[in-house]
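A short write-up of the structure that comes next.
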Amino acid sequence: MNQDISQTLQQQILSALETGSQLQIQGGGSKHFLGHISKSTPLQVSAHQGIISYDPVELVVTARAGTRLSELENTLAEQNQMLPFEPPHFGPLATLGGTIACGLAGPSRSFSGSARDYVLGVKMINGKGEILNFGGQVMKNVAGYDCSRLMAGAMGTLGVLLEVSLKVLPKPAAEITLVQSKTPEQAIDAMNHWSGKSLPLSAGCYVNGQLYLRLNGAKTAVDGAHKVIGGELLNDSAEFWTSIKEHQHTFFQSTLPLWRLSVPAKTPVLTLSGENLIDWCGAQRWLFSDHDADHIRKDISELGGHATLFRRQSELMADTYQLPDTNIMQLHQRLKLAFDPAGIFNPGRLYPGL
Amino acid sequence: MHTELFTIATPPEPTLGKPALVEKLRQFLTSDAVLCDEELLRPYECDALSAYRHLPMIVVLPSTLDQIQQIMRLCYQHNVPVIARGAGTGLSGGATPAGDGVVMSLAKFISILEVDPIARTAVVQPGVRNLAISQAVAAHGLYYAPDPSSQIACTIGGNVAENSGGVHCLKYGLTVHNVRKVKLVTMDGELITLGSDSLDSSGYDLLALINGSEGMLGVVVEVTVKLTPIPERAQVVLAAFNDVEKAGGAVSDIIAAGIIPGGLEMMDKLAVQAAEDFVHVGYPTDAEAILLCEIDGTNEEVSEQIRIVHEVMHQSGATEVRTARDEEERQAFWKGRKAAFPAVGRLAPDYYCMDGTIPRKHLPYILRRMAELSIEYDLRVANVFHAGDGNLHPLILYDANHPGELARTEEFGGKILELCIEVGGSITGEHGVGIEKLQQMHLQFNYEELTQFHAVKHVFDPKGLLNPGKAVPTPKRCSEYKQLPSQNEDKHQHKACTSS
């Protein structure tokens with residue numbers, strides 16, 4: 001599927017500006033649960049589809065924002081390449097634009113980096129209806145402020161993404177996952193210990209008393225590291241990590257609110273009660289808890305992290321995202337004005353009033 | 001319809017003259033931390049792009065965070081421009097003073113505040129040298145990955161400002177990928193923290209925005225960097241080619257083989273010969289181009305991949321492929337590359353270092369056009385190329401004492417940058433825009449995009465006092481530049497660019 005509807009999108013934005021209305025940007029709706037959805041006019045981007053350029057040896061792909069994430073990943077896989085930040089889909093309709101706007105990353109995060117780390121450039125429409133290009137299709141580019149990486153994780157509040165250029169990498173030749181029985185304390189120590197060694201480690205997770213360490217790289221390197229680290233080989237490595245990334249693992253079957261806690265990797269076992277899963281070699285903790293949101297956020301802030309209310313029963317419970325300090329919040333408000341002066345895009349999706 | 005919510009910052013008139021400002025500064029700074037005599041100001045008149053010079057009004061050398069904040073508040077209150085300065089190794093004139101402004105040197109902020117081997121982070125002050133970080137953490141088996149050529153001298157504060165790269169970017173990323181947290185003082189003296197000790201923060205990625213912002217949005221006063229485990233082994237292959245296009249093809253073939261080298265560098269004949277004459281490391285001086293391909297990782301994977309690289313180089317038409325016999329030879333292979341700039345500098349009284357990036361597939365075309373332009377402008381050019389990530393460093397040789405030669409050099413340089421844009425690249429990969437590439441910004445960005453940059457600037461610095469006149473040109477000049485390509489013989493004093 002290949003279709004350029006940027007003119008249509010621009011017209012819709014210009015008429016929203018004229019009528020003083022607001023727009024909620026919609027892709028595949030797979031991450032609809034993140035952030036507050038305002039009662040505003042939908043701006044449907046998912047028809048803006050297609051891979052515009054992909055030259056495997058350049059390690060760069062450029063695609064329209066409505067391109068399905070699955071299509072993009074399949075195209076890369078045909079050339080034995082991948083998106084190194086392993087973005088979660090959370091549904092078959094996930095798009096590239098939504099993936100970047102939400103800025104989520106998968107199991108490889110602590111080794112390979114985040115969504116924004118792989119953004120090389122964007123084409124976007126700002127709140128004045130102007131089509132703008134930032135960054136480009138090259139690995140290094142320091143001309144102008146880095147507005148393209150700023151779009152990653154901005155939840156569509158600064159503009160509508162039209163195209164995104166990403167750095168891609170070859171798929172590693174070999175992958176194995178080692179399993180060891182550990183206490184949570186031992187697991188956190190082990191994850192931090194091995195992360196600091198020259199080993200082809202690419203993911204680490206702890207759930208149900210088992211530590212899972214994934215190794216990726218040349219066959220000899222992976223086998224060598226297996227000898228160093230030890231542990232049982234997991235039968236289907238890829239399946240396990242997909243279940244963690246996509247929240248299909250049995251751990252995620254709970255009706256309690258699900259919190260995503262981003263903390264320093266060496267943070268000890270949480271004192272907050274509730275079932276939890278340690279991901280990103282310690283730097284991301286998933287917690288099922290019906291504790292008061294302020295209580296959780298206060299605890300996590302003291303640890304140097306922040307807490308996202310990832311899944312919940314009711315919007316009324318609490319805001320999805322933790323508010324930053326006042327001076328940082330002011331910068332958010334002013335950046336919002338700089339890109340979207342009339343405040344038409346995704347009002348309140350990231351923070352109330354933004 | 002909307003109204004413009006910002007104005008493009010033209011700094012307002014200062015409300016305090018030099019003597020009064022010096023007096024106020026000396027109320028909280030020792031007298032030797034406030035420089036105002038010409039001979040003391042002279043060393044600060046330029047950075048490493050010394051073709052651009054301007055004497056600052058005052059130089060201050062604060063030694064505490066509180067002093068930085070006081071300086072900023074005072075200057076903010078009285079509309080005095082401030083230019084933050086690290087080691088002054090920048091190559092785009094980003095630290096060029098303003099005549100009515102204060103240069104704030106961060107040279108006294110040289111402490112490594114904390115090294116956490118478990119978290120693999122170091123907290124450092126902005127004046128800490130890039131290489132000093134790696135040296136300080138080496139005992140823990142860790143290092144700081146970005147390694148710009150100036151790493152012996154350049155500081156981490158400047159690295160953040162420029163989003164510096166180096167020879168290991170393709171595998172290990174730029175500064176933006178290796179910085180966790182930055183403390184910043186904004187123009188009004190406020191201290192803010194961007195990023196965190198976790199892997200992400202709630203909200204906009206302000207940390208990404210600060211990297212590469214060329215000291216225009218705030219003054220970096222503390223940086224938490226990510227440290228990387230030192231690879232168990234590193235090995236380098238040197239391959240010689242009798243044709244530059246074949247060397248370019250080999251780069252693509254290595255990547256197509258699924259290998260991401262730790263470093264992948266190309267040098268053309270002139271650069272190879274200059275380097276060999278300078279450091280005598282055994283480079284094949286009859287080659288049209290050489291490639292240096294470094295593989296790092298565990299012992300086993302290095303062995304496996306070096307074997308593949310060897311095969312690929314041969315298949316791609318290399319006339320000679322050498323693997324460093326030992327660590328000494330590996331260092332020697334790199335020594336030539338690292339000495340390339342000063343080595344080329346010996347071929348002519350002056351040289352001008354460019355910094356464009358291109359999609360790698362266009363390399364043969366760019367090199368061909370550059371050779372033609374070299375004849376047209378009657379100026380020699382040597383090429384050093386971060387081949388893995390498409391970052392060109394053409395070095396144009398000239399003699400500033402020959403009337404008109406600097407202007408011709410700049411015009412030639414401008415043409416090279418235009419070529420980079422033509423093939424879908426960028427006018428700067430790692431040196432920044434500074435004042436050097438303001439004109440070419442009009443070719444890479446249109447009116448609306450430049451206006452958006454100014455809007456971002458306005459968010460952090462509404463009065464436009466911080467490093468004024470750098471990085472982003474005033475949008476209205478767009479059409480003028482397109483009508484009037486180059487140039488500007490008299491716009492600045494001539495002086496050789498002699499370092500890199």
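We name chains A, B, ... following the order of the structure tokens; residues begin at 1 in each chain, and ligands are numbered from 1 as shown.
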> Do you know which residues are at most 10 Å from Asp277 in chain B counting only C-alpha atoms, after dropping those on the same chain fewer than 6 positions away, and could you put them as a PyMOL selection string?
Replying inline: chain B and resi 271+283+285+336+343-344+346
Written selection (all heavy atoms) as a JSON list (two decimals), in the first residue's frame:
[["chain", "number", "residue", "atom", "x", "y", "z"],
["B", 271, "ALA", "N", 45.75, 12.25, 1.36],
["B", 271, "ALA", "CA", 45.73, 12.12, 2.83],
["B", 271, "ALA", "C", 46.65, 11.00, 3.29],
["B", 271, "ALA", "O", 47.37, 11.13, 4.28],
["B", 271, "ALA", "CB", 44.30, 11.88, 3.31],
["B", 283, "TYR", "N", 51.87, 2.97, 5.63],
["B", 283, "TYR", "CA", 50.71, 3.04, 4.73],
["B", 283, "TYR", "C", 51.17, 2.84, 3.29],
["B", 283, "TYR", "O", 52.25, 3.31, 2.91],
["B", 283, "TYR", "CB", 50.02, 4.42, 4.83],
["B", 283, "TYR", "CG", 49.09, 4.62, 6.00],
["B", 283, "TYR", "CD1", 48.51, 5.86, 6.23],
["B", 283, "TYR", "CD2", 48.76, 3.58, 6.87],
["B", 283, "TYR", "CE1", 47.65, 6.08, 7.29],
["B", 283, "TYR", "CE2", 47.91, 3.79, 7.94],
["B", 283, "TYR", "CZ", 47.35, 5.04, 8.14],
["B", 283, "TYR", "OH", 46.50, 5.26, 9.19],
["B", 285, "THR", "N", 51.56, 4.04, 0.00],
["B", 285, "THR", "CA", 51.41, 5.39, -0.54],
["B", 285, "THR", "C", 51.06, 5.41, -2.03],
["B", 285, "THR", "O", 50.76, 6.46, -2.57],
["B", 285, "THR", "CB", 52.71, 6.19, -0.33],
["B", 285, "THR", "OG1", 53.81, 5.38, -0.78],
["B", 285, "THR", "CG2", 52.91, 6.54, 1.13],
["B", 336, "GLY", "N", 48.18, 6.92, 11.97],
["B", 336, "GLY", "CA", 48.18, 7.62, 10.68],
["B", 336, "GLY", "C", 46.87, 8.34, 10.45],
["B", 336, "GLY", "O", 46.84, 9.50, 10.03],
["B", 343, "ALA", "N", 48.86, 16.22, 9.48],
["B", 343, "ALA", "CA", 49.75, 15.78, 8.40],
["B", 343, "ALA", "C", 49.43, 16.52, 7.11],
["B", 343, "ALA", "O", 50.33, 17.02, 6.42],
["B", 343, "ALA", "CB", 49.61, 14.27, 8.20],
["B", 344, "VAL", "N", 48.15, 16.61, 6.80],
["B", 344, "VAL", "CA", 47.75, 17.36, 5.60],
["B", 344, "VAL", "C", 48.12, 18.83, 5.78],
["B", 344, "VAL", "O", 48.52, 19.50, 4.83],
["B", 344, "VAL", "CB", 46.23, 17.18, 5.34],
["B", 344, "VAL", "CG1", 45.74, 18.16, 4.28],
["B", 344, "VAL", "CG2", 45.94, 15.74, 4.92],
["B", 346, "ARG", "N", 50.67, 20.00, 6.86],
["B", 346, "ARG", "CA", 52.07, 20.26, 6.51],
["B", 346, "ARG", "C", 52.26, 20.49, 5.02],
["B", 346, "ARG", "O", 53.32, 20.93, 4.58],
["B", 346, "ARG", "CB", 52.95, 19.08, 6.96],
["B", 346, "ARG", "CG", 53.01, 18.91, 8.47],
["B", 346, "ARG", "CD", 53.54, 17.55, 8.85],
["B", 346, "ARG", "NE", 54.99, 17.44, 8.73],
["B", 346, "ARG", "CZ", 55.60, 16.54, 8.00],
["B", 346, "ARG", "NH1", 54.92, 15.69, 7.28],
["B", 346, "ARG", "NH2", 56.92, 16.50, 7.95]]
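All chain A residues having an atom within 6 Å of chain B, based on only C-alpha atoms, amount to Glu18, Val57, Leu132, Val138, Met139, Lys140, Asn141, Val142, Ala143, Tyr145, Asp146, Leu150, Ala154, Pro170, Gly196, Lys197, Ser198, Ala218, Thr220, Ala221, Ser262, Val263, Pro264, Gly305, Arg334 and Ala338 of chain A.
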> Expressed in Å to a single decimal, how great is the separation between CA of His89 in chain A and CA of Ser30 in chain A?
Replying inline: 7.1 Å
>> Using only C-alpha atoms, which protein or nucleic acid residues come within 9 Å of Lys219 in chain A? Drop anything in the same chain fewer than 3 positions from it, and give the result as a VMD selection string.
In response: (chain A and resid 172 to 175 216 222 to 224) or (chain B and resid 300 to 301 304)
Would you mind exporting the chosen residues as an mmCIF file, in the first residue's frame, restricted to N, CA, C and O atoms?
data_model
loop_
_atom_site.group_PDB
_atom_site.id
_atom_site.type_symbol
_atom_site.label_atom_id
_atom_site.label_comp_id
_atom_site.auth_asym_id
_atom_site.auth_seq_id
_atom_site.Cartn_x
_atom_site.Cartn_y
_atom_site.Cartn_z
ATOM 1 N N PRO A 172 21.276 -9.862 14.153
ATOM 2 C CA PRO A 172 22.425 -10.656 14.587
ATOM 3 C C PRO A 172 22.330 -12.080 14.050
ATOM 4 O O PRO A 172 21.231 -12.618 13.859
ATOM 5 N N ALA A 173 23.501 -12.667 13.832
ATOM 6 C CA ALA A 173 23.537 -13.999 13.232
ATOM 7 C C ALA A 173 22.942 -15.049 14.151
ATOM 8 O O ALA A 173 22.303 -15.995 13.704
ATOM 9 N N ALA A 174 23.158 -14.897 15.440
ATOM 10 C CA ALA A 174 22.704 -15.933 16.365
ATOM 11 C C ALA A 174 22.024 -15.312 17.574
ATOM 12 O O ALA A 174 22.317 -14.175 17.950
ATOM 13 N N GLU A 175 21.103 -16.055 18.163
ATOM 14 C CA GLU A 175 20.439 -15.596 19.386
ATOM 15 C C GLU A 175 20.180 -16.792 20.295
ATOM 16 O O GLU A 175 19.668 -17.821 19.852
ATOM 17 N N ASN A 216 22.988 -11.978 21.743
ATOM 18 C CA ASN A 216 22.847 -11.789 20.299
ATOM 19 C C ASN A 216 24.187 -11.469 19.677
ATOM 20 O O ASN A 216 24.919 -10.643 20.222
ATOM 21 N N VAL A 222 28.238 -15.694 20.907
ATOM 22 C CA VAL A 222 27.107 -16.107 21.728
ATOM 23 C C VAL A 222 27.463 -17.378 22.509
ATOM 24 O O VAL A 222 27.213 -17.480 23.716
ATOM 25 N N ASP A 223 28.081 -18.322 21.825
ATOM 26 C CA ASP A 223 28.471 -19.571 22.487
ATOM 27 C C ASP A 223 29.523 -19.312 23.569
ATOM 28 O O ASP A 223 29.471 -19.889 24.657
ATOM 29 N N GLY A 224 30.453 -18.426 23.238
ATOM 30 C CA GLY A 224 31.495 -18.080 24.212
ATOM 31 C C GLY A 224 30.893 -17.457 25.463
ATOM 32 O O GLY A 224 31.270 -17.800 26.595
ATOM 33 N N GLU B 300 36.129 -14.200 20.292
ATOM 34 C CA GLU B 300 35.626 -15.104 19.248
ATOM 35 C C GLU B 300 34.995 -14.323 18.099
ATOM 36 O O GLU B 300 35.235 -14.614 16.932
ATOM 37 N N GLU B 301 34.162 -13.329 18.440
ATOM 38 C CA GLU B 301 33.473 -12.640 17.349
ATOM 39 C C GLU B 301 34.429 -11.781 16.529
ATOM 40 O O GLU B 301 34.268 -11.641 15.323
ATOM 41 N N GLU B 304 36.058 -14.121 14.082
ATOM 42 C CA GLU B 304 35.125 -14.517 13.023
ATOM 43 C C GLU B 304 34.900 -13.377 12.026
ATOM 44 O O GLU B 304 34.957 -13.566 10.807
#
> So which residues of range 225-346 of chain A fall under strand (DSSP E) by DSSP, listed as a ChimeraX atom specification?
Replying inline: /A:232-233,258-262,275-279,284-288,306-311
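For the residues A:Ser40, A:Thr95, A:Ser108, A:Gln10, ranking by smallest atom-to-atom distance to Cys205 in chain A using only C-alpha atoms places A:Ser108 first.
Of the residues under consideration (B:Cys420, B:Met104, B:Ala289, B:Cys75), B:Ala289 shows the shortest atom-to-atom contact distance to Gln273 in chain B when counting only C-alpha atoms.
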> Taking only C-alpha atoms into account, which of A:Asn276, A:Gln313, A:Asn208, A:Asn80 comes nearest Thr183 in chain A?
Replying inline: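 Closest candidate: A:Asn208.
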Near-Glu245 in chain B list (10 Å; only C-alpha atoms; drop same-chain fewer than 5 positions) as a PDB file with N, CA, C and O atoms, in the first residue's frame:
ATOM      1  N   ALA B 250      33.572  -1.329  -1.235  1.00  0.00           N
ATOM      2  CA  ALA B 250      33.945  -2.257  -0.167  1.00  0.00           C
ATOM      3  C   ALA B 250      33.234  -1.913   1.141  1.00  0.00           C
ATOM      4  O   ALA B 250      32.833  -2.797   1.906  1.00  0.00           O
ATOM      5  N   VAL B 251      33.061  -0.612   1.387  1.00  0.00           N
ATOM      6  CA  VAL B 251      32.354  -0.176   2.597  1.00  0.00           C
ATOM      7  C   VAL B 251      30.934  -0.753   2.598  1.00  0.00           C
ATOM      8  O   VAL B 251      30.474  -1.336   3.585  1.00  0.00           O
ATOM      9  N   GLU B 288      45.193   4.516  -4.257  1.00  0.00           N
ATOM     10  CA  GLU B 288      44.310   5.663  -4.487  1.00  0.00           C
ATOM     11  C   GLU B 288      43.484   5.954  -3.234  1.00  0.00           C
ATOM     12  O   GLU B 288      43.061   7.078  -3.000  1.00  0.00           O
ATOM     13  N   ALA B 289      43.228   4.900  -2.471  1.00  0.00           N
ATOM     14  CA  ALA B 289      42.488   5.066  -1.217  1.00  0.00           C
ATOM     15  C   ALA B 289      42.791   3.896  -0.307  1.00  0.00           C
ATOM     16  O   ALA B 289      43.101   2.798  -0.775  1.00  0.00           O
ATOM     17  N   LYS B 361      26.181   5.801  -0.731  1.00  0.00           N
ATOM     18  CA  LYS B 361      26.173   5.364  -2.138  1.00  0.00           C
ATOM     19  C   LYS B 361      26.582   6.495  -3.092  1.00  0.00           C
ATOM     20  O   LYS B 361      26.970   6.232  -4.218  1.00  0.00           O
ATOM     21  N   HIS B 362      26.502   7.740  -2.635  1.00  0.00           N
ATOM     22  CA  HIS B 362      26.862   8.853  -3.515  1.00  0.00           C
ATOM     23  C   HIS B 362      28.336   9.239  -3.428  1.00  0.00           C
ATOM     24  O   HIS B 362      28.750  10.214  -4.035  1.00  0.00           O
ATOM     25  N   LEU B 363      29.101   8.477  -2.682  1.00  0.00           N
ATOM     26  CA  LEU B 363      30.507   8.833  -2.495  1.00  0.00           C
ATOM     27  C   LEU B 363      31.283   8.985  -3.810  1.00  0.00           C
ATOM     28  O   LEU B 363      31.973   9.986  -4.004  1.00  0.00           O
ATOM     29  N   PRO B 364      31.182   8.022  -4.728  1.00  0.00           N
ATOM     30  CA  PRO B 364      31.960   8.176  -5.970  1.00  0.00           C
ATOM     31  C   PRO B 364      31.617   9.484  -6.700  1.00  0.00           C
ATOM     32  O   PRO B 364      32.512  10.191  -7.158  1.00  0.00           O
ATOM     33  N   TYR B 365      30.328   9.799  -6.769  1.00  0.00           N
ATOM     34  CA  TYR B 365      29.905  11.034  -7.446  1.00  0.00           C
ATOM     35  C   TYR B 365      30.496  12.263  -6.752  1.00  0.00           C
ATOM     36  O   TYR B 365      31.048  13.161  -7.391  1.00  0.00           O
ATOM     37  N   LEU B 367      33.125  12.471  -4.827  1.00  0.00           N
ATOM     38  CA  LEU B 367      34.576  12.552  -4.982  1.00  0.00           C
ATOM     39  C   LEU B 367      34.953  13.034  -6.390  1.00  0.00           C
ATOM     40  O   LEU B 367      35.890  13.813  -6.567  1.00  0.00           O
ATOM     41  N   ARG B 368      34.186  12.569  -7.378  1.00  0.00           N
ATOM     42  CA  ARG B 368      34.443  12.994  -8.760  1.00  0.00           C
ATOM     43  C   ARG B 368      34.206  14.495  -8.897  1.00  0.00           C
ATOM     44  O   ARG B 368      35.019  15.223  -9.447  1.00  0.00           O
TER      45      ARG B 368
END
> For Ile435 in chain B, which of B:Gln27, B:Gln235, B:Thr155, B:Ser92 is the closest residue, counting only C-alpha atoms?
Replying inline: B:Ser92
> Quick one: residues within 10 Å of range 241-243 of chain A, only C-alpha atoms counted, chain neighbours fewer than 3 positions away excluded, as a ChimeraX atom specification?
Replying inline: /A:86,88-89,106-108,177,203-205,212,214,236-238,246-252
Print the selection's residues with N, CA, C and O atoms to a file, as a PDB file, in the first residue's frame.
ATOM      1  N   GLU A  86      13.408  -2.548  18.928  1.00  0.00           N
ATOM      2  CA  GLU A  86      12.380  -3.567  19.138  1.00  0.00           C
ATOM      3  C   GLU A  86      11.062  -2.992  19.658  1.00  0.00           C
ATOM      4  O   GLU A  86      10.611  -3.346  20.750  1.00  0.00           O
ATOM      5  N   PRO A  88       7.381  -2.276  20.772  1.00  0.00           N
ATOM      6  CA  PRO A  88       6.187  -3.099  20.957  1.00  0.00           C
ATOM      7  C   PRO A  88       5.090  -2.651  19.989  1.00  0.00           C
ATOM      8  O   PRO A  88       5.014  -1.470  19.641  1.00  0.00           O
ATOM      9  N   HIS A  89       4.289  -3.597  19.542  1.00  0.00           N
ATOM     10  CA  HIS A  89       3.184  -3.259  18.625  1.00  0.00           C
ATOM     11  C   HIS A  89       1.896  -2.983  19.394  1.00  0.00           C
ATOM     12  O   HIS A  89       1.192  -2.055  19.101  1.00  0.00           O
ATOM     13  N   GLY A 106      11.521  -1.914  23.187  1.00  0.00           N
ATOM     14  CA  GLY A 106      11.377  -3.280  23.680  1.00  0.00           C
ATOM     15  C   GLY A 106      12.543  -3.753  24.524  1.00  0.00           C
ATOM     16  O   GLY A 106      13.305  -2.944  25.062  1.00  0.00           O
ATOM     17  N   PRO A 107      12.701  -5.080  24.618  1.00  0.00           N
ATOM     18  CA  PRO A 107      13.666  -5.687  25.553  1.00  0.00           C
ATOM     19  C   PRO A 107      15.109  -5.218  25.376  1.00  0.00           C
ATOM     20  O   PRO A 107      15.868  -5.188  26.331  1.00  0.00           O
ATOM     21  N   SER A 108      15.489  -4.839  24.157  1.00  0.00           N
ATOM     22  CA  SER A 108      16.890  -4.482  23.891  1.00  0.00           C
ATOM     23  C   SER A 108      17.256  -3.095  24.396  1.00  0.00           C
ATOM     24  O   SER A 108      18.408  -2.672  24.273  1.00  0.00           O
ATOM     25  N   THR A 177      18.876 -17.575  24.620  1.00  0.00           N
ATOM     26  CA  THR A 177      18.488 -17.009  25.911  1.00  0.00           C
ATOM     27  C   THR A 177      18.845 -18.016  27.002  1.00  0.00           C
ATOM     28  O   THR A 177      18.541 -19.204  26.886  1.00  0.00           O
ATOM     29  N   ALA A 203      19.456  -8.393  26.148  1.00  0.00           N
ATOM     30  CA  ALA A 203      18.240  -8.197  26.935  1.00  0.00           C
ATOM     31  C   ALA A 203      18.366  -8.960  28.246  1.00  0.00           C
ATOM     32  O   ALA A 203      19.076  -9.974  28.313  1.00  0.00           O
ATOM     33  N   GLY A 204      17.689  -8.463  29.268  1.00  0.00           N
ATOM     34  CA  GLY A 204      17.676  -9.140  30.556  1.00  0.00           C
ATOM     35  C   GLY A 204      16.365  -8.881  31.261  1.00  0.00           C
ATOM     36  O   GLY A 204      15.908  -7.742  31.306  1.00  0.00           O
ATOM     37  N   CYS A 205      15.760  -9.938  31.775  1.00  0.00           N
ATOM     38  CA  CYS A 205      14.442  -9.806  32.365  1.00  0.00           C
ATOM     39  C   CYS A 205      14.305 -10.826  33.492  1.00  0.00           C
ATOM     40  O   CYS A 205      14.925 -11.904  33.451  1.00  0.00           O
ATOM     41  N   TYR A 212      16.221 -14.253  32.886  1.00  0.00           N
ATOM     42  CA  TYR A 212      16.394 -14.540  31.455  1.00  0.00           C
ATOM     43  C   TYR A 212      17.411 -13.557  30.886  1.00  0.00           C
ATOM     44  O   TYR A 212      17.207 -12.349  30.969  1.00  0.00           O
ATOM     45  N   ARG A 214      19.409 -12.618  27.350  1.00  0.00           N
ATOM     46  CA  ARG A 214      19.481 -12.906  25.910  1.00  0.00           C
ATOM     47  C   ARG A 214      20.844 -12.497  25.367  1.00  0.00           C
ATOM     48  O   ARG A 214      21.347 -11.426  25.700  1.00  0.00           O
ATOM     49  N   ASP A 236      12.423 -21.592  23.049  1.00  0.00           N
ATOM     50  CA  ASP A 236      12.087 -20.633  22.005  1.00  0.00           C
ATOM     51  C   ASP A 236      12.358 -19.211  22.481  1.00  0.00           C
ATOM     52  O   ASP A 236      11.492 -18.561  23.061  1.00  0.00           O
ATOM     53  N   SER A 237      13.562 -18.766  22.226  1.00  0.00           N
ATOM     54  CA  SER A 237      14.004 -17.460  22.691  1.00  0.00           C
ATOM     55  C   SER A 237      13.124 -16.340  22.126  1.00  0.00           C
ATOM     56  O   SER A 237      12.615 -15.497  22.860  1.00  0.00           O
ATOM     57  N   ALA A 238      12.939 -16.337  20.806  1.00  0.00           N
ATOM     58  CA  ALA A 238      12.202 -15.238  20.164  1.00  0.00           C
ATOM     59  C   ALA A 238      10.778 -15.129  20.706  1.00  0.00           C
ATOM     60  O   ALA A 238      10.271 -14.038  20.979  1.00  0.00           O
ATOM     61  N   GLU A 246       5.263  -7.649  24.036  1.00  0.00           N
ATOM     62  CA  GLU A 246       3.867  -7.371  23.679  1.00  0.00           C
ATOM     63  C   GLU A 246       2.898  -7.568  24.851  1.00  0.00           C
ATOM     64  O   GLU A 246       1.684  -7.537  24.676  1.00  0.00           O
ATOM     65  N   HIS A 247       3.436  -7.808  26.019  1.00  0.00           N
ATOM     66  CA  HIS A 247       2.602  -8.018  27.218  1.00  0.00           C
ATOM     67  C   HIS A 247       1.648  -9.202  27.054  1.00  0.00           C
ATOM     68  O   HIS A 247       0.513  -9.155  27.501  1.00  0.00           O
ATOM     69  N   GLN A 248       2.124 -10.247  26.386  1.00  0.00           N
ATOM     70  CA  GLN A 248       1.322 -11.461  26.229  1.00  0.00           C
ATOM     71  C   GLN A 248       1.740 -12.544  27.235  1.00  0.00           C
ATOM     72  O   GLN A 248       1.077 -13.565  27.366  1.00  0.00           O
ATOM     73  N   HIS A 249       2.827 -12.332  27.916  1.00  0.00           N
ATOM     74  CA  HIS A 249       3.298 -13.275  28.931  1.00  0.00           C
ATOM     75  C   HIS A 249       2.242 -13.377  30.035  1.00  0.00           C
ATOM     76  O   HIS A 249       1.533 -12.408  30.311  1.00  0.00           O
ATOM     77  N   THR A 250       2.170 -14.551  30.673  1.00  0.00           N
ATOM     78  CA  THR A 250       1.125 -14.749  31.695  1.00  0.00           C
ATOM     79  C   THR A 250       1.219 -13.716  32.825  1.00  0.00           C
ATOM     80  O   THR A 250       0.219 -13.403  33.455  1.00  0.00           O
ATOM     81  N   PHE A 251       2.426 -13.188  33.057  1.00  0.00           N
ATOM     82  CA  PHE A 251       2.570 -12.162  34.090  1.00  0.00           C
ATOM     83  C   PHE A 251       1.571 -11.020  33.871  1.00  0.00           C
ATOM     84  O   PHE A 251       1.042 -10.447  34.823  1.00  0.00           O
ATOM     85  N   PHE A 252       1.339 -10.696  32.605  1.00  0.00           N
ATOM     86  CA  PHE A 252       0.537  -9.505  32.298  1.00  0.00           C
ATOM     87  C   PHE A 252      -0.975  -9.758  32.390  1.00  0.00           C
ATOM     88  O   PHE A 252      -1.760  -8.874  32.091  1.00  0.00           O
TER      89      PHE A 252
END
>> Applying 12 Å and only C-alpha atoms, which residues near Asp32 in chain B remain after dropping the ones on its own chain fewer than 2 positions away? List them as a ChimeraX atom specification.
In response: /B:22,25-26,28-30,34-37,40,58-63
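One distance worth recording is that between CA of Gln315 in chain B and CA of Cys293 in chain B, which is 15.2 Å.
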> Just how far from CA of Asp319 in chain A is CA of Asp290 in chain A, in Å to one decimal?
Replying inline: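 One can read the CA of Asp290 in chain A to CA of Asp319 in chain A distance as 14.1 Å.
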>> Please extract the residues of range 95-333 of chain A with a backbone DSSP assignment of helix (DSSP H, G or I) and present them as a ChimeraX atom specification.
In response: /A:96-102,109-112,115-118,147-151,184-195,219-229,237-245,250-252,280-282,293-302,326-333
>> Given only C-alpha atoms as the basis, pick out the residue of A:Ile37, A:Ile300, A:Leu211, A:Ala94 nearest to Ala190 in chain A.
In response: A:Leu211
>> Ranking A:Leu161, A:Val119, A:Val168, A:Ile5 by minimum distance to Leu72 in chain A and counting only C-alpha atoms, which one comes first?
In response: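 Result for the nearest residue to Leu72 in chain A: A:Val168.
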>> Could you list, as a VMD selection string, every residue within 12 Å of Trp334 in chain B, counting only C-alpha atoms and ignoring same-chain residues fewer than 2 positions away?
In response: chain B and resid 149 167 234 to 238 263 to 267 272 275 to 276 279 to 283 291 to 294 324 327 to 332 336 to 340
